[in-house]
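*Asks:* PDB, C-alpha atoms, file work26.pdb:
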```
MODEL        1
ATOM      1  CA  GLY S   1     -13.297  -0.720   6.847  1.00  0.00           C
ATOM      2  CA  GLU S   2     -13.411   2.539   8.784  1.00  0.00           C
ATOM      3  CA  GLU S   3     -11.955   1.119  12.011  1.00  0.00           C
ATOM      4  CA  SER S   4      -8.953  -0.463  10.301  1.00  0.00           C
ATOM      5  CA  SER S   5      -8.165   2.660   8.247  1.00  0.00           C
ATOM      6  CA  ARG S   6      -8.451   4.839  11.360  1.00  0.00           C
ATOM      7  CA  ASN S   7      -6.054   2.609  13.286  1.00  0.00           C
ATOM      8  CA  LYS S   8      -3.466   2.729  10.516  1.00  0.00           C
ATOM      9  CA  ASN S   9      -3.323   6.512  10.887  1.00  0.00           C
ATOM     10  CA  ASP S  10      -3.005   6.484  14.685  1.00  0.00           C
ATOM     11  CA  ASN S  11       0.785   6.542  14.676  1.00  0.00           C
ATOM     12  CA  TYR S  12       2.975   8.761  16.793  1.00  0.00           C
ATOM     13  CA  VAL S  13       6.596   9.881  16.811  1.00  0.00           C
ATOM     14  CA  LEU S  14       8.081  10.020  20.284  1.00  0.00           C
ATOM     15  CA  LEU S  15      11.396  11.799  20.915  1.00  0.00           C
ATOM     16  CA  LEU S  16      12.782  10.368  24.133  1.00  0.00           C
ATOM     17  CA  ASP S  17      15.486  11.992  26.229  1.00  0.00           C
ATOM     18  CA  LEU S  18      17.456   9.562  28.384  1.00  0.00           C
ATOM     19  CA  ASN S  19      18.365  12.195  30.964  1.00  0.00           C
ATOM     20  CA  MET S  20      15.078  13.316  32.517  1.00  0.00           C
ATOM     21  CA  PRO S  21      14.187  13.998  36.143  1.00  0.00           C
ATOM     22  CA  VAL S  22      11.921  11.626  38.111  1.00  0.00           C
ATOM     23  CA  LEU S  23      11.580   9.008  35.326  1.00  0.00           C
ATOM     24  CA  ASP S  24      14.540   8.786  32.966  1.00  0.00           C
ATOM     25  CA  GLY S  25      14.386   7.394  29.445  1.00  0.00           C
ATOM     26  CA  TRP S  26      15.409   3.890  30.497  1.00  0.00           C
ATOM     27  CA  GLY S  27      12.659   3.843  33.130  1.00  0.00           C
ATOM     28  CA  PHE S  28      10.140   4.959  30.523  1.00  0.00           C
ATOM     29  CA  LEU S  29      11.273   2.179  28.180  1.00  0.00           C
ATOM     30  CA  ALA S  30      10.837  -0.391  30.970  1.00  0.00           C
ATOM     31  CA  TYR S  31       7.184   0.685  31.266  1.00  0.00           C
ATOM     32  CA  PHE S  32       6.694   0.950  27.510  1.00  0.00           C
ATOM     33  CA  GLU S  33       8.040  -2.571  27.032  1.00  0.00           C
ATOM     34  CA  LYS S  34       5.163  -3.900  29.158  1.00  0.00           C
ATOM     35  CA  LEU S  35       2.514  -2.503  26.824  1.00  0.00           C
ATOM     36  CA  ASP S  36       0.857  -4.897  24.438  1.00  0.00           C
ATOM     37  CA  LYS S  37       2.386  -5.192  20.972  1.00  0.00           C
ATOM     38  CA  PRO S  38      -0.437  -3.376  19.098  1.00  0.00           C
ATOM     39  CA  MET S  39      -0.002  -0.355  21.379  1.00  0.00           C
ATOM     40  CA  GLN S  40       3.793  -0.379  20.973  1.00  0.00           C
ATOM     41  CA  GLU S  41       3.418  -0.493  17.205  1.00  0.00           C
ATOM     42  CA  LYS S  42       1.584   2.849  17.212  1.00  0.00           C
ATOM     43  CA  PHE S  43       4.815   4.589  18.228  1.00  0.00           C
ATOM     44  CA  SER S  44       8.052   5.300  16.444  1.00  0.00           C
ATOM     45  CA  ILE S  45      10.487   6.026  19.267  1.00  0.00           C
ATOM     46  CA  TYR S  46      13.654   7.977  18.598  1.00  0.00           C
ATOM     47  CA  ILE S  47      16.112   8.664  21.374  1.00  0.00           C
ATOM     48  CA  LEU S  48      17.174  12.298  21.347  1.00  0.00           C
ATOM     49  CA  THR S  49      19.741  12.884  24.039  1.00  0.00           C
ATOM     50  CA  SER S  50      22.751  14.851  25.156  1.00  0.00           C
ATOM     51  CA  SER S  51      24.455  11.574  26.106  1.00  0.00           C
ATOM     52  CA  VAL S  52      27.593  10.761  24.143  1.00  0.00           C
ATOM     53  CA  ASP S  53      28.148   7.482  25.976  1.00  0.00           C
ATOM     54  CA  GLU S  54      28.529   4.610  23.504  1.00  0.00           C
ATOM     55  CA  ARG S  55      27.043   2.267  26.137  1.00  0.00           C
ATOM     56  CA  ASP S  56      23.739   4.148  25.811  1.00  0.00           C
ATOM     57  CA  LYS S  57      23.711   3.534  22.058  1.00  0.00           C
ATOM     58  CA  GLU S  58      24.412  -0.160  22.620  1.00  0.00           C
ATOM     59  CA  HIS S  59      21.762  -0.396  25.328  1.00  0.00           C
ATOM     60  CA  ALA S  60      19.211   1.234  22.997  1.00  0.00           C
ATOM     61  CA  LYS S  61      19.789  -1.523  20.417  1.00  0.00           C
ATOM     62  CA  GLN S  62      18.214  -3.997  22.850  1.00  0.00           C
ATOM     63  CA  TYR S  63      14.805  -2.451  22.169  1.00  0.00           C
ATOM     64  CA  ALA S  64      13.329  -3.398  18.805  1.00  0.00           C
ATOM     65  CA  PHE S  65      10.829  -0.534  18.976  1.00  0.00           C
ATOM     66  CA  ILE S  66      13.533   2.169  19.069  1.00  0.00           C
ATOM     67  CA  LYS S  67      13.871   3.423  15.514  1.00  0.00           C
ATOM     68  CA  GLY S  68      16.890   5.687  15.979  1.00  0.00           C
ATOM     69  CA  PHE S  69      19.387   7.296  18.334  1.00  0.00           C
ATOM     70  CA  HIS S  70      20.235  10.971  17.838  1.00  0.00           C
ATOM     71  CA  SER S  71      22.335  13.483  19.720  1.00  0.00           C
ATOM     72  CA  LYS S  72      21.066  16.915  20.703  1.00  0.00           C
ATOM     73  CA  PRO S  73      20.561  19.540  19.533  1.00  0.00           C
ATOM     74  CA  LEU S  74      17.705  18.709  17.201  1.00  0.00           C
ATOM     75  CA  ASN S  75      17.887  20.547  13.894  1.00  0.00           C
ATOM     76  CA  HIS S  76      15.511  20.840  10.933  1.00  0.00           C
ATOM     77  CA  LYS S  77      17.331  18.269   8.817  1.00  0.00           C
ATOM     78  CA  MET S  78      17.261  15.715  11.653  1.00  0.00           C
ATOM     79  CA  MET S  79      13.572  16.370  12.390  1.00  0.00           C
ATOM     80  CA  PHE S  80      12.534  16.023   8.745  1.00  0.00           C
ATOM     81  CA  GLY S  81      14.591  12.826   8.486  1.00  0.00           C
ATOM     82  CA  ILE S  82      12.869  11.379  11.543  1.00  0.00           C
ATOM     83  CA  LEU S  83       9.427  12.296  10.219  1.00  0.00           C
ATOM     84  CA  GLU S  84      10.169  10.905   6.763  1.00  0.00           C
ATOM     85  CA  GLU S  85      11.542   7.693   8.269  1.00  0.00           C
ATOM     86  CA  SER S  86       8.590   7.257  10.626  1.00  0.00           C
ATOM     87  CA  ILE S  87       6.125   7.472   7.753  1.00  0.00           C
ATOM     88  CA  THR S  88       7.707   4.410   6.148  1.00  0.00           C
ATOM     89  CA  TYR S  89       7.330   2.243   9.293  1.00  0.00           C
TER      90      TYR S  89
ENDMDL
END
```
Can the structure from this file be put into structure tokens for me?
*Replies:*
Amino acid sequence: GEESSRNKNDNYVLLLDLNMPVLDGWGFLAYFEKLDKPMQEKFSIYILTSSVDERDKEHAKQYAFIKGFHSKPLNHKMMFGILEESITY
């Protein structure tokens, strides 16, 4: 009862930049991929990046847990779309 309903609401939206110092987005995804499936399913990951390289978009498609790929800058319409989309997952 209570435990299962609490877990259903423990979902997070993560906006991931590919170009970060120390640990870039691809490095983060390599770590994230090692998490167990129930933990991965708590997150809706959207790449938000300044990269315009088509290879990055293709590379992102290799990860089933990435829900979208967006270019910066983030605007209100994009943010509301991401939030609306993440609620349906």
*Asks:* Identify, on the basis of all atoms listed in the file, every residue whose closest approach to Leu83 in chain S does not exceed 12 Å; exclude the query and any residue fewer than 5 positions from it along the same chain; express the result as a list in words.
*Replies:*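 Close residues of Leu83 in chain S: Asn11, Tyr12, Val13, Leu14, Leu15, Ser44, Ile45, Tyr46, Lys67, Gly68, His76, Lys77, Met78, Thr88 and Tyr89 of chain S.
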*Asks:* Give me, as a list in words, all polymer residues having an atom no more than 6 Å from Asp17 in chain S, counting all atoms listed in the file and skipping those fewer than 5 positions away in the same chain.
*Replies:*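 Skipping anything fewer than 5 positions along the chain leaves Gly25, Ile47, Leu48 and Thr49 of chain S.
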*Asks:* Include C-alpha atoms and write out the residues we just selected as a PDB file, in the frame of the given file.
*Replies:*
```pdb
ATOM      1  CA  GLY S  25      14.386   7.394  29.445  1.00  0.00           C
ATOM      2  CA  ILE S  47      16.112   8.664  21.374  1.00  0.00           C
ATOM      3  CA  LEU S  48      17.174  12.298  21.347  1.00  0.00           C
ATOM      4  CA  THR S  49      19.741  12.884  24.039  1.00  0.00           C
TER       5      THR S  49
END
```
*Asks:* Around all the atoms of range 21-39 of chain S listed in the file, with 8 Å of room on each side, what axis-aligned box do you get, giving centre and edge lengths in Å to one decimal, as JSON?
*Replies:*
```
{"center_x": 7.5, "center_y": 4.4, "center_z": 28.6, "size_x": 31.8, "size_y": 35.2, "size_z": 35.0}
```
*Asks:* As a check of understanding, name the residues that the PyMOL selection byres ((chain S and resi 28) around 12) selects in the supplied structure, as a list in words.
*Replies:*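 Output from the PyMOL selection byres ((chain S and resi 28) around 12), applied to this file: Leu14, Leu15, Leu16, Asp17, Leu18, Asn19, Met20, Pro21, Val22, Leu23, Asp24, Gly25, Trp26, Gly27, Leu29, Ala30, Tyr31, Phe32, Glu33, Lys34, Leu35, Ile45 and Ile47 of chain S.
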*Asks:* One decimal, in Å: what's the spacing between CA of Glu85 in chain S and CA of Gln40 in chain S?
*Replies:* 16.9 Å
*Asks:* Please compute the CA of Ser86 in chain S-CA of Arg55 in chain S distance, one decimal, in Å.
*Replies:* 24.6 Å
*Asks:* Could you tell me which of S:Ile87, S:Ser50, S:His59, S:Asp36 comes closest to Ser71 in chain S if we count only C-alpha atoms?
*Replies:*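 That would be S:Ser50, the residue with the smallest distance to Ser71 in chain S.
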*Asks:* Using Å and a single decimal, report how far CA of Met39 in chain S sits from CA of Glu84 in chain S.
*Replies:*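 Separation between CA of Glu84 in chain S and CA of Met39 in chain S: 21.1 Å.
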*Asks:* Using only C-alpha atoms, can you tell me which of S:Phe80, S:Asp10, S:Glu41, S:Ser51 comes closest to Ile66 in chain S?
*Replies:*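 Smallest distance to Ile66 in chain S is found for S:Glu41.
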